[in-house]
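Shown next: my_file_1.csv, given as CSV, C-alpha atoms.
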chain,number,residue,atom,x,y,z
N,1,MET,CA,118.6,143.0,31.7
N,2,THR,CA,119.5,142.8,35.4
N,3,GLN,CA,122.7,140.9,36.1
N,4,ARG,CA,122.1,137.7,38.0
N,5,SER,CA,124.1,137.1,41.2
N,6,ALA,CA,125.3,133.9,42.9
N,7,PHE,CA,126.8,133.1,46.3
N,8,ILE,CA,129.1,130.1,46.6
N,9,THR,CA,130.4,128.6,49.8
N,10,GLY,CA,133.7,126.8,49.5
N,11,VAL,CA,134.7,128.8,46.5
N,12,THR,CA,138.4,127.9,46.8
N,13,GLY,CA,137.7,124.1,46.5
N,14,GLN,CA,137.6,122.0,43.4
N,15,ASP,CA,133.8,122.4,42.9
N,16,GLY,CA,133.7,126.0,44.0
N,17,GLY,CA,136.3,127.2,41.6
N,18,GLU,CA,134.8,125.3,38.7
N,19,LEU,CA,131.3,126.6,39.4
N,20,ALA,CA,132.6,130.1,39.7
N,21,LYS,CA,134.2,129.8,36.3
N,22,LEU,CA,130.9,128.5,34.8
N,23,LEU,CA,128.8,131.2,36.3
N,24,LEU,CA,131.2,134.0,35.3
N,25,SER,CA,131.1,132.7,31.8
N,26,LYS,CA,127.3,133.1,31.9
N,27,GLY,CA,127.5,136.7,33.0
N,28,TYR,CA,126.8,136.3,36.7
N,29,ARG,CA,128.1,138.5,39.5
N,30,VAL,CA,129.6,135.9,41.8
N,31,HIS,CA,130.3,136.1,45.5
N,32,GLY,CA,132.5,133.4,47.0
N,33,LEU,CA,132.9,132.5,50.7
N,34,ALA,CA,136.0,130.8,52.1
N,35,ARG,CA,138.0,130.7,55.3
N,36,SER,CA,141.1,131.8,53.3
N,37,PRO,CA,140.0,133.7,50.2
N,38,ASP,CA,143.7,134.4,49.3
N,39,ARG,CA,144.0,130.8,48.4
N,40,PHE,CA,141.7,131.3,45.4
N,41,ASP,CA,143.5,130.5,42.1
N,42,TRP,CA,142.5,133.3,39.8
N,43,VAL,CA,144.0,131.4,36.9
N,44,ARG,CA,141.0,129.1,37.0
N,45,VAL,CA,138.5,131.8,36.0
N,46,GLU,CA,140.6,133.9,33.6
N,47,SER,CA,138.9,132.5,30.6
N,48,ALA,CA,135.7,134.3,31.7
N,49,ALA,CA,135.4,137.8,30.5
N,50,ASP,CA,135.6,140.5,33.3
N,51,ALA,CA,136.2,137.8,35.9
N,52,ARG,CA,138.1,140.1,38.2
N,53,GLN,CA,135.3,142.7,38.0
N,54,ASN,CA,132.5,140.2,38.7
N,55,LEU,CA,134.0,137.9,41.4
N,56,PHE,CA,134.0,139.1,45.0
N,57,LEU,CA,135.6,137.0,47.7
N,58,HIS,CA,134.5,137.1,51.4
N,59,THR,CA,136.1,135.7,54.4
N,60,GLY,CA,133.8,133.4,56.3
N,61,ASP,CA,133.3,130.0,57.9
N,62,MET,CA,130.4,127.6,58.0
N,63,GLN,CA,130.9,127.4,61.8
N,64,ASP,CA,130.5,131.2,62.2
N,65,ALA,CA,126.9,132.4,61.7
N,66,GLY,CA,127.9,136.0,61.9
N,67,SER,CA,130.2,135.7,58.8
N,68,LEU,CA,127.5,134.0,56.9
N,69,VAL,CA,125.0,136.8,57.6
N,70,GLY,CA,127.5,139.4,56.7
N,71,ALA,CA,128.5,137.9,53.4
N,72,LEU,CA,124.9,137.1,52.4
N,73,HIS,CA,123.8,140.7,53.3
N,74,GLU,CA,126.4,142.1,51.0
N,75,ALA,CA,125.8,139.6,48.2
N,76,ARG,CA,122.0,139.5,48.1
N,77,PRO,CA,122.2,136.6,45.7
N,78,ASP,CA,119.6,135.1,43.4
N,79,GLU,CA,121.2,131.7,43.8
N,80,ILE,CA,123.1,130.1,46.7
N,81,TYR,CA,125.3,127.1,46.2
N,82,ASN,CA,126.4,125.5,49.4
N,83,LEU,CA,129.6,123.6,48.5
N,84,ALA,CA,131.6,124.1,51.6
N,85,ALA,CA,132.2,120.9,53.6
N,86,GLN,CA,134.7,118.7,55.4
N,87,SER,CA,134.5,116.3,52.4
N,88,ASN,CA,137.2,113.7,53.2
N,89,VAL,CA,135.4,110.5,54.3
N,90,GLY,CA,138.5,109.0,55.9
N,91,LEU,CA,139.2,112.2,57.9
N,92,SER,CA,135.6,112.2,59.1
N,93,PHE,CA,136.3,109.1,61.3
N,94,GLU,CA,139.1,111.1,63.0
N,95,GLN,CA,137.1,114.3,63.3
N,96,PRO,CA,133.4,113.4,63.5
N,97,GLU,CA,132.3,116.4,65.6
N,98,GLU,CA,133.9,119.0,63.3
N,99,THR,CA,132.6,117.1,60.2
N,100,PHE,CA,129.0,117.3,61.5
N,101,ASP,CA,129.3,120.9,62.6
N,102,VAL,CA,130.6,122.1,59.2
N,103,ASN,CA,128.5,119.9,57.0
N,104,ALA,CA,125.2,119.6,58.9
N,105,THR,CA,124.9,122.4,61.4
N,106,GLY,CA,126.7,124.7,58.9
N,107,THR,CA,123.9,124.1,56.4
N,108,GLN,CA,121.4,125.0,59.0
N,109,ARG,CA,123.3,128.2,59.8
N,110,LEU,CA,123.4,129.2,56.2
N,111,LEU,CA,119.7,128.7,55.7
N,112,ARG,CA,118.8,130.6,58.9
N,113,ALA,CA,121.0,133.4,57.8
N,114,MET,CA,119.2,133.5,54.4
N,115,ARG,CA,115.8,133.7,56.0
N,116,LEU,CA,117.0,136.3,58.6
N,117,LEU,CA,117.9,138.6,55.7
N,118,GLY,CA,114.6,138.0,54.0
N,119,LEU,CA,116.0,136.0,51.1
N,120,GLY,CA,113.8,133.0,51.6
N,121,ASP,CA,111.3,134.0,49.0
N,122,THR,CA,113.8,135.3,46.4
N,123,SER,CA,117.0,133.1,46.6
N,124,ARG,CA,117.2,129.6,45.2
N,125,VAL,CA,119.4,127.2,47.1
N,126,TYR,CA,121.5,124.3,45.9
N,127,GLN,CA,122.9,121.9,48.5
N,128,ALA,CA,125.9,119.6,47.7
N,129,SER,CA,124.8,116.2,48.9
N,130,SER,CA,126.7,113.0,48.3
N,131,SER,CA,126.3,109.5,47.1
N,132,GLU,CA,127.8,108.4,50.4
N,133,ILE,CA,124.4,108.8,52.0
N,134,PHE,CA,123.3,105.6,50.3
N,135,GLY,CA,126.1,103.4,51.6
N,136,PRO,CA,127.0,100.1,49.9
N,137,SER,CA,125.4,99.1,46.7
N,138,ASP,CA,124.3,95.6,45.7
N,139,GLY,CA,125.6,96.3,42.3
N,140,HIS,CA,122.5,98.0,41.1
N,141,PRO,CA,122.6,101.8,40.5
N,142,HIS,CA,121.2,104.0,43.3
N,143,THR,CA,118.2,106.2,42.5
N,144,GLU,CA,116.6,109.0,44.3
N,145,GLU,CA,114.3,106.4,45.9
N,146,THR,CA,117.2,104.4,47.4
N,147,ALA,CA,117.0,104.3,51.2
N,148,PHE,CA,119.8,106.1,53.1
N,149,ASN,CA,122.4,103.9,54.8
N,150,PRO,CA,125.3,106.1,55.9
N,151,CYS,CA,128.5,104.3,56.8
N,152,SER,CA,130.7,107.2,57.9
N,153,PRO,CA,130.4,110.4,60.0
N,154,TYR,CA,130.7,112.3,56.7
N,155,ALA,CA,127.8,110.4,55.2
N,156,GLU,CA,125.7,110.9,58.4
N,157,SER,CA,126.4,114.7,58.3
N,158,LYS,CA,125.2,114.8,54.6
N,159,VAL,CA,122.0,112.9,55.5
N,160,HIS,CA,121.2,115.5,58.1
N,161,ALA,CA,121.9,118.4,55.7
N,162,PHE,CA,119.8,116.6,53.1
N,163,GLU,CA,116.8,116.5,55.5
N,164,THR,CA,117.3,120.1,56.5
N,165,ILE,CA,117.1,121.2,52.8
N,166,ARG,CA,113.9,119.1,52.4
N,167,TYR,CA,112.4,120.7,55.5
N,168,TYR,CA,113.0,124.2,54.2
N,169,ARG,CA,111.5,123.3,50.9
N,170,GLU,CA,108.4,121.4,52.0
N,171,LYS,CA,107.6,123.3,55.2
N,172,LEU,CA,109.0,126.8,54.7
N,173,GLY,CA,108.5,127.2,50.9
N,174,VAL,CA,112.1,127.9,50.1
N,175,PHE,CA,113.3,126.9,46.6
N,176,ALA,CA,115.9,124.4,47.8
N,177,CYS,CA,117.2,121.2,46.3
N,178,ASN,CA,119.9,118.6,46.9
N,179,GLY,CA,122.2,117.5,44.3
N,180,ILE,CA,123.2,113.9,45.1
N,181,LEU,CA,126.6,113.8,43.4
N,182,PHE,CA,128.6,110.7,42.8
N,183,ASN,CA,132.4,111.0,42.6
N,184,HIS,CA,133.6,113.8,40.4
N,185,GLU,CA,137.2,114.6,39.9
N,186,GLY,CA,139.5,117.0,38.1
N,187,PRO,CA,143.0,118.6,38.2
N,188,TYR,CA,142.1,120.7,41.2
N,189,ARG,CA,141.0,117.8,43.4
N,190,TRP,CA,142.6,118.0,46.9
N,191,LYS,CA,145.7,115.9,47.0
N,192,GLY,CA,144.4,113.7,49.8
N,193,PHE,CA,141.8,112.1,47.5
N,194,VAL,CA,142.8,108.8,46.0
N,195,THR,CA,142.4,109.9,42.4
N,196,ARG,CA,144.7,112.9,42.9
N,197,LYS,CA,147.2,110.7,44.8
N,198,ILE,CA,147.4,108.5,41.8
N,199,SER,CA,147.8,111.3,39.3
N,200,ILE,CA,150.6,112.9,41.4
N,201,ALA,CA,152.5,109.6,41.7
N,202,VAL,CA,152.2,108.9,38.0
N,203,ALA,CA,153.3,112.4,37.0
N,204,ALA,CA,156.3,112.0,39.4
N,205,LYS,CA,157.2,108.7,37.8
N,206,HIS,CA,157.1,110.2,34.4
N,207,LEU,CA,159.5,112.9,35.5
N,208,ASP,CA,161.8,110.4,37.2
N,209,ILE,CA,161.0,111.7,40.7
N,210,GLU,CA,160.9,109.1,43.4
N,211,ALA,CA,157.3,108.7,44.5
N,212,PRO,CA,156.1,105.1,45.4
N,213,LEU,CA,152.4,105.0,45.4
N,214,ALA,CA,150.7,103.6,48.5
N,215,LEU,CA,147.0,102.8,48.4
N,216,GLY,CA,144.3,101.0,50.3
N,217,ASN,CA,141.5,99.0,48.8
N,218,LEU,CA,142.3,98.6,45.1
N,219,ASP,CA,139.0,96.9,44.3
N,220,ALA,CA,136.7,99.6,45.7
N,221,CYS,CA,134.6,100.8,42.7
N,222,ARG,CA,133.3,104.3,42.2
N,223,ASP,CA,131.2,106.2,39.7
N,224,TRP,CA,133.8,108.7,38.6
N,225,GLY,CA,132.9,111.7,36.4
N,226,HIS,CA,134.5,115.1,35.6
N,227,VAL,CA,133.8,118.1,37.8
N,228,SER,CA,132.9,120.4,34.9
N,229,ASP,CA,130.0,118.2,34.0
N,230,TYR,CA,128.7,118.2,37.6
N,231,VAL,CA,128.8,121.9,38.2
N,232,ALA,CA,126.8,122.3,35.0
N,233,GLY,CA,124.3,120.0,36.6
N,234,MET,CA,124.2,122.1,39.8
N,235,TRP,CA,123.4,125.2,37.8
N,236,ALA,CA,120.7,123.4,35.8
N,237,MET,CA,119.0,122.3,38.9
N,238,LEU,CA,118.4,125.9,40.0
N,239,GLN,CA,117.1,126.8,36.6
N,240,ASN,CA,114.4,124.1,36.8
N,241,ASP,CA,110.8,125.3,37.3
N,242,MET,CA,110.5,123.3,40.5
N,243,PRO,CA,113.0,122.4,43.2
N,244,GLU,CA,113.8,118.7,43.0
N,245,ASP,CA,116.5,116.5,44.5
N,246,MET,CA,118.4,114.7,41.8
N,247,ILE,CA,121.3,112.3,41.3
N,248,LEU,CA,124.2,113.3,39.0
N,249,ALA,CA,126.3,110.3,38.0
N,250,THR,CA,127.8,108.6,34.9
N,251,GLY,CA,126.2,105.2,35.6
N,252,GLU,CA,129.6,103.4,35.2
N,253,ALA,CA,131.6,102.1,38.1
N,254,ARG,CA,135.4,101.8,37.9
N,255,SER,CA,137.8,100.4,40.4
N,256,VAL,CA,140.8,102.1,42.0
N,257,ARG,CA,142.8,99.5,40.2
N,258,SER,CA,141.5,100.6,36.8
N,259,PHE,CA,142.2,104.2,37.6
N,260,VAL,CA,145.8,103.3,38.4
N,261,GLU,CA,146.1,101.3,35.2
N,262,ALA,CA,144.7,104.1,33.0
N,263,ALA,CA,146.9,106.7,34.7
N,264,PHE,CA,150.2,104.8,34.2
N,265,ALA,CA,149.2,103.8,30.7
N,266,TYR,CA,148.9,107.5,29.8
N,267,VAL,CA,152.7,107.8,30.4
N,268,GLY,CA,153.7,104.5,28.8
N,269,HIS,CA,153.7,102.1,31.7
N,270,ASP,CA,151.7,98.9,31.8
N,271,VAL,CA,151.0,97.7,35.3
N,272,VAL,CA,151.0,94.0,36.3
N,273,TRP,CA,149.7,92.9,39.7
N,274,GLU,CA,151.4,90.4,41.9
N,275,GLY,CA,150.5,88.9,45.3
N,276,ARG,CA,147.3,89.1,47.3
N,277,GLY,CA,145.7,91.3,50.0
N,278,LEU,CA,148.2,93.5,51.8
N,279,ASP,CA,151.1,91.9,50.0
N,280,GLU,CA,149.8,92.8,46.5
N,281,THR,CA,152.0,95.1,44.4
N,282,GLY,CA,151.7,96.7,41.0
N,283,ARG,CA,154.9,96.4,38.9
N,284,ASP,CA,156.0,97.8,35.7
N,285,ALA,CA,155.5,95.1,33.1
N,286,LYS,CA,158.8,95.8,31.3
N,287,THR,CA,161.2,96.5,34.2
N,288,GLY,CA,159.6,94.8,37.2
N,289,GLU,CA,159.9,98.0,39.2
N,290,VAL,CA,157.3,98.3,42.0
N,291,LEU,CA,154.9,101.2,41.1
N,292,VAL,CA,152.2,100.5,43.6
N,293,ARG,CA,152.0,98.9,47.0
N,294,ILE,CA,149.4,98.5,49.7
N,295,ASN,CA,149.3,100.3,53.0
N,296,PRO,CA,146.6,99.1,55.4
N,297,LYS,CA,146.3,102.6,57.0
N,298,PHE,CA,144.6,103.8,53.8
N,299,TYR,CA,141.7,101.3,54.2
N,300,ARG,CA,138.5,103.0,55.6
N,301,PRO,CA,136.9,101.5,58.7
N,302,VAL,CA,133.8,101.0,56.5
N,303,ASP,CA,134.3,101.1,52.8
N,304,PRO,CA,131.4,100.5,50.4
N,305,PRO,CA,132.8,98.1,47.8
N,306,ILE,CA,130.9,99.7,44.9
N,307,ALA,CA,128.9,102.9,44.4
N,308,ILE,CA,127.1,103.6,41.1
N,309,GLY,CA,124.3,106.1,40.3
N,310,ASP,CA,121.4,106.3,38.0
N,311,ALA,CA,121.0,109.9,36.7
N,312,SER,CA,117.9,109.1,34.6
N,313,LYS,CA,115.9,111.8,36.4
N,314,ALA,CA,118.4,114.5,35.7
N,315,ARG,CA,118.6,113.4,32.0
N,316,ARG,CA,114.8,113.5,31.7
N,317,VAL,CA,114.1,116.7,33.6
N,318,LEU,CA,117.2,118.8,32.9
N,319,GLY,CA,118.6,117.2,29.8
N,320,TRP,CA,121.8,116.7,31.7
N,321,ARG,CA,124.4,114.1,30.8
N,322,PRO,CA,128.1,113.7,31.4
N,323,ARG,CA,130.3,114.6,28.4
N,324,VAL,CA,133.9,113.9,29.6
N,325,THR,CA,134.9,110.2,29.4
N,326,PHE,CA,136.7,108.3,32.1
N,327,GLN,CA,139.9,108.1,30.0
N,328,GLN,CA,139.8,111.9,29.3
N,329,LEU,CA,139.4,112.6,33.0
N,330,VAL,CA,142.4,110.4,34.0
N,331,HIS,CA,144.6,111.8,31.3
N,332,GLU,CA,143.7,115.4,32.1
N,333,MET,CA,144.5,114.9,35.8
N,334,VAL,CA,147.9,113.2,35.1
N,335,GLN,CA,148.9,115.9,32.5
N,336,ALA,CA,148.0,118.7,34.9
N,337,ASP,CA,150.2,117.2,37.6
N,338,ILE,CA,153.1,116.6,35.2
N,339,GLU,CA,153.0,120.4,34.4
N,340,ARG,CA,152.8,121.3,38.1
N,341,LEU,CA,155.7,119.0,39.1
N,342,ARG,CA,157.8,120.4,36.3
N,343,ILE,CA,157.3,123.9,37.7
N,344,LEU,CA,157.9,122.8,41.3
N,345,ALA,CA,161.0,120.8,40.4
N,346,ALA,CA,162.5,123.8,38.7
N,347,ALA,CA,162.0,125.7,42.0
N,348,GLY,CA,163.2,122.8,44.1
N,349,GLU,CA,159.8,122.3,45.7
N,350,ALA,CA,158.6,119.1,44.1
N,351,PRO,CA,158.8,117.1,47.4
N,352,SER,CA,156.0,119.1,48.9
N,353,LEU,CA,153.5,117.8,46.4
N,354,VAL,CA,155.0,114.3,46.0
N,355,ALA,CA,154.7,113.8,49.8
N,356,ALA,CA,150.9,113.5,49.2
N,357,VAL,CA,151.4,109.9,47.9
N,358,ALA,CA,153.9,108.7,50.5
N,359,ASP,CA,153.1,107.0,53.8

Hey, can you dump this file as structure tokens for me?
Amino acid sequence: MTQRSAFITGVTGQDGGELAKLLLSKGYRVHGLARSPDRFDWVRVESAADARQNLFLHTGDMQDAGSLVGALHEARPDEIYNLAAQSNVGLSFEQPEETFDVNATGTQRLLRAMRLLGLGDTSRVYQASSSEIFGPSDGHPHTEETAFNPCSPYAESKVHAFETIRYYREKLGVFACNGILFNHEGPYRWKGFVTRKISIAVAAKHLDIEAPLALGNLDACRDWGHVSDYVAGMWAMLQNDMPEDMILATGEARSVRSFVEAAFAYVGHDVVWEGRGLDETGRDAKTGEVLVRINPKFYRPVDPPIAIGDASKARRVLGWRPRVTFQQLVHEMVQADIERLRILAAAGEAPSLVAAVAD
């Protein structure tokens, strides 16, 4: 039986590394593209047999068409997963041009490179879309039929990439689909994301390292799942008989406040809230120590108050459903950062990670 091959852009990121691990465990030959392949954490894939023999890393950039052509020419993949992106919504307001060039024009570059190499009829393409394309919710779950209402440069770039994929599928006959993923987290989430900021701060508190947690909108609600469930959904979408756009989500919305409470509870601290608005603080119920405070700079210019998804289509068509619970997700992230900080503290390097939660 011929070994299947896959090409992953953004392989060093949270999703890319998790997807590489999944595909290697299924016997794939995996090619990964990244601007700095040396940043890839091989520990993440060591559980897969022959990982070092079947994972090939390429230097490339979504803003450089030549590097995309070169890497695809070498890989000749059966499946292409475009996960590379400038994915920080807040940063997209500061860097709108680069965000659009990487996320939207970069997708166009990748698809053109694929067709230039004659892969349009043989390779299946997965595009990492985002729930941000829908904008605010009225409290009802978004479906695949929900109208787009982007509220950030990041969301606008993802809408453009979504439509590019649809054009290549409907007009050019490419097997291409969008996975509209709601928030998915894990121990390898970049430290600038709110969930990781929380897990780092809680781990630091547990180890008696000074790390006051500064946050923005505590009442923003998101549909949070575990990255391992979502990359399984990505793979399942490319095994489907027909290319279809689908939502992957848990269907449950939780607030930033509830994430904080669950994380601190894991290490034995109950949080009580005092004050209102920018003056609100989260204190330790026993000692009165301030654990959380508000910093207005962490508010987005436009922040949807709630985002929740309906993954009924993925359940019906793919048999997909999330398996990791919210509590399990939070506990895993906190425990992973406890272990990281212990190692860094022993080397005198803990401040470099703890700085992620500071002002």

I'd like the contact shell of range 179-184 of chain N - 7 Å cut-off, only C-alpha atoms, skipping same-chain residues fewer than 3 positions apart - returned as a PyMOL selection string. chain N and resi 127-131+222-227+234+245-249+309

Write a file of the selected residues as an mmCIF file, in the coordinates of the input, keeping C-alpha atoms.
data_model
loop_
_atom_site.group_PDB
_atom_site.id
_atom_site.type_symbol
_atom_site.label_atom_id
_atom_site.label_comp_id
_atom_site.auth_asym_id
_atom_site.auth_seq_id
_atom_site.Cartn_x
_atom_site.Cartn_y
_atom_site.Cartn_z
ATOM 1 C CA GLN N 127 122.900 121.900 48.500
ATOM 2 C CA ALA N 128 125.900 119.600 47.700
ATOM 3 C CA SER N 129 124.800 116.200 48.900
ATOM 4 C CA SER N 130 126.700 113.000 48.300
ATOM 5 C CA SER N 131 126.300 109.500 47.100
ATOM 6 C CA ARG N 222 133.300 104.300 42.200
ATOM 7 C CA ASP N 223 131.200 106.200 39.700
ATOM 8 C CA TRP N 224 133.800 108.700 38.600
ATOM 9 C CA GLY N 225 132.900 111.700 36.400
ATOM 10 C CA HIS N 226 134.500 115.100 35.600
ATOM 11 C CA VAL N 227 133.800 118.100 37.800
ATOM 12 C CA MET N 234 124.200 122.100 39.800
ATOM 13 C CA ASP N 245 116.500 116.500 44.500
ATOM 14 C CA MET N 246 118.400 114.700 41.800
ATOM 15 C CA ILE N 247 121.300 112.300 41.300
ATOM 16 C CA LEU N 248 124.200 113.300 39.000
ATOM 17 C CA ALA N 249 126.300 110.300 38.000
ATOM 18 C CA GLY N 309 124.300 106.100 40.300
#

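Polymer residues near (142.5, 135.0, 41.8): counting only C-alpha atoms with a cut-off of 10 Å, they are Thr12, Gly17, Pro37, Asp38, Arg39, Phe40, Asp41, Trp42, Val43, Arg44, Val45, Glu46, Ala51, Arg52, Leu55, Phe56 and Leu57 of chain N.
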
For the residues selected in the previous step, produce a file with C-alpha atoms as a CSV table (one decimal), in the frame of the given file.
chain,number,residue,atom,x,y,z
N,12,THR,CA,138.4,127.9,46.8
N,17,GLY,CA,136.3,127.2,41.6
N,37,PRO,CA,140.0,133.7,50.2
N,38,ASP,CA,143.7,134.4,49.3
N,39,ARG,CA,144.0,130.8,48.4
N,40,PHE,CA,141.7,131.3,45.4
N,41,ASP,CA,143.5,130.5,42.1
N,42,TRP,CA,142.5,133.3,39.8
N,43,VAL,CA,144.0,131.4,36.9
N,44,ARG,CA,141.0,129.1,37.0
N,45,VAL,CA,138.5,131.8,36.0
N,46,GLU,CA,140.6,133.9,33.6
N,51,ALA,CA,136.2,137.8,35.9
N,52,ARG,CA,138.1,140.1,38.2
N,55,LEU,CA,134.0,137.9,41.4
N,56,PHE,CA,134.0,139.1,45.0
N,57,LEU,CA,135.6,137.0,47.7

Nearest to Gly16 in chain N by atom-to-atom distance, counting all atoms listed in the file, from N:Ser228, N:Asn217, N:Gln3, N:Asn88: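 Closest to Gly16 in chain N of all the choices is N:Ser228.
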
Could you name the residues that touch range 142-150 of chain N at 12 Å or less, counting all atoms listed in the file, but leaving out those on the same chain fewer than 4 positions away, as a ChimeraX atom specification? /N:89,129-138,154-160,162-163,178-182,223,244-253,302-304,306-314

The distance between CA of Pro322 in chain N and CA of Tyr168 in chain N is 29.3 Å

For Leu119 in chain N, which of N:Ile200, N:Val174, N:Met237, N:Val194 is the closest residue, counting all atoms listed in the file?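 Selected residue with least distance to Leu119 in chain N: N:Val174.
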
Extract range 32-47 of chain N from the coordinates I pasted, and write it as a PDB file, in the first residue's frame (atoms kept: N, CA, C and O atoms).
ATOM      1  N   GLY N  32       6.405  19.585   6.592  1.00  0.00           N
ATOM      2  CA  GLY N  32       5.949  20.760   7.313  1.00  0.00           C
ATOM      3  C   GLY N  32       6.678  22.007   6.871  1.00  0.00           C
ATOM      4  O   GLY N  32       7.900  21.978   6.654  1.00  0.00           O
ATOM      5  N   LEU N  33       5.944  23.092   6.716  1.00  0.00           N
ATOM      6  CA  LEU N  33       6.518  24.367   6.293  1.00  0.00           C
ATOM      7  C   LEU N  33       6.481  25.347   7.458  1.00  0.00           C
ATOM      8  O   LEU N  33       5.470  25.475   8.145  1.00  0.00           O
ATOM      9  N   ALA N  34       7.590  26.059   7.661  1.00  0.00           N
ATOM     10  CA  ALA N  34       7.644  27.080   8.708  1.00  0.00           C
ATOM     11  C   ALA N  34       8.747  28.067   8.381  1.00  0.00           C
ATOM     12  O   ALA N  34       9.709  27.738   7.691  1.00  0.00           O
ATOM     13  N   ARG N  35       8.595  29.282   8.878  1.00  0.00           N
ATOM     14  CA  ARG N  35       9.646  30.273   8.677  1.00  0.00           C
ATOM     15  C   ARG N  35      10.911  29.874   9.444  1.00  0.00           C
ATOM     16  O   ARG N  35      12.024  30.154   8.992  1.00  0.00           O
ATOM     17  N   SER N  36      10.740  29.216  10.574  1.00  0.00           N
ATOM     18  CA  SER N  36      11.888  28.775  11.384  1.00  0.00           C
ATOM     19  C   SER N  36      11.674  27.322  11.792  1.00  0.00           C
ATOM     20  O   SER N  36      11.237  27.036  12.922  1.00  0.00           O
ATOM     21  N   PRO N  37      11.974  26.373  10.908  1.00  0.00           N
ATOM     22  CA  PRO N  37      11.748  24.964  11.221  1.00  0.00           C
ATOM     23  C   PRO N  37      12.501  24.482  12.450  1.00  0.00           C
ATOM     24  O   PRO N  37      12.082  23.506  13.096  1.00  0.00           O
ATOM     25  N   ASP N  38      13.606  25.161  12.793  1.00  0.00           N
ATOM     26  CA  ASP N  38      14.373  24.738  13.960  1.00  0.00           C
ATOM     27  C   ASP N  38      13.593  24.936  15.262  1.00  0.00           C
ATOM     28  O   ASP N  38      13.976  24.411  16.312  1.00  0.00           O
ATOM     29  N   ARG N  39      12.478  25.667  15.191  1.00  0.00           N
ATOM     30  CA  ARG N  39      11.636  25.857  16.374  1.00  0.00           C
ATOM     31  C   ARG N  39      10.711  24.663  16.622  1.00  0.00           C
ATOM     32  O   ARG N  39      10.023  24.606  17.646  1.00  0.00           O
ATOM     33  N   PHE N  40      10.679  23.720  15.711  1.00  0.00           N
ATOM     34  CA  PHE N  40       9.768  22.582  15.883  1.00  0.00           C
ATOM     35  C   PHE N  40      10.197  21.761  17.094  1.00  0.00           C
ATOM     36  O   PHE N  40      11.367  21.412  17.248  1.00  0.00           O
ATOM     37  N   ASP N  41       9.236  21.446  17.948  1.00  0.00           N
ATOM     38  CA  ASP N  41       9.488  20.670  19.157  1.00  0.00           C
ATOM     39  C   ASP N  41       9.257  19.191  18.853  1.00  0.00           C
ATOM     40  O   ASP N  41       8.129  18.712  18.829  1.00  0.00           O
ATOM     41  N   TRP N  42      10.348  18.470  18.630  1.00  0.00           N
ATOM     42  CA  TRP N  42      10.245  17.066  18.253  1.00  0.00           C
ATOM     43  C   TRP N  42       9.632  16.206  19.352  1.00  0.00           C
ATOM     44  O   TRP N  42       9.111  15.120  19.071  1.00  0.00           O
ATOM     45  N   VAL N  43       9.685  16.684  20.589  1.00  0.00           N
ATOM     46  CA  VAL N  43       9.070  15.924  21.685  1.00  0.00           C
ATOM     47  C   VAL N  43       7.583  15.704  21.423  1.00  0.00           C
ATOM     48  O   VAL N  43       7.015  14.679  21.820  1.00  0.00           O
ATOM     49  N   ARG N  44       6.962  16.632  20.718  1.00  0.00           N
ATOM     50  CA  ARG N  44       5.526  16.548  20.471  1.00  0.00           C
ATOM     51  C   ARG N  44       5.139  15.342  19.639  1.00  0.00           C
ATOM     52  O   ARG N  44       4.003  14.879  19.703  1.00  0.00           O
ATOM     53  N   VAL N  45       6.032  14.833  18.815  1.00  0.00           N
ATOM     54  CA  VAL N  45       5.680  13.747  17.892  1.00  0.00           C
ATOM     55  C   VAL N  45       6.401  12.439  18.209  1.00  0.00           C
ATOM     56  O   VAL N  45       6.294  11.474  17.462  1.00  0.00           O
ATOM     57  N   GLU N  46       7.136  12.402  19.308  1.00  0.00           N
ATOM     58  CA  GLU N  46       7.928  11.211  19.600  1.00  0.00           C
ATOM     59  C   GLU N  46       7.087   9.976  19.869  1.00  0.00           C
ATOM     60  O   GLU N  46       7.581   8.851  19.764  1.00  0.00           O
ATOM     61  N   SER N  47       5.813  10.178  20.210  1.00  0.00           N
ATOM     62  CA  SER N  47       4.950   9.012  20.452  1.00  0.00           C
ATOM     63  C   SER N  47       4.614   8.270  19.167  1.00  0.00           C
ATOM     64  O   SER N  47       4.176   7.111  19.205  1.00  0.00           O
TER      65      SER N  47
END
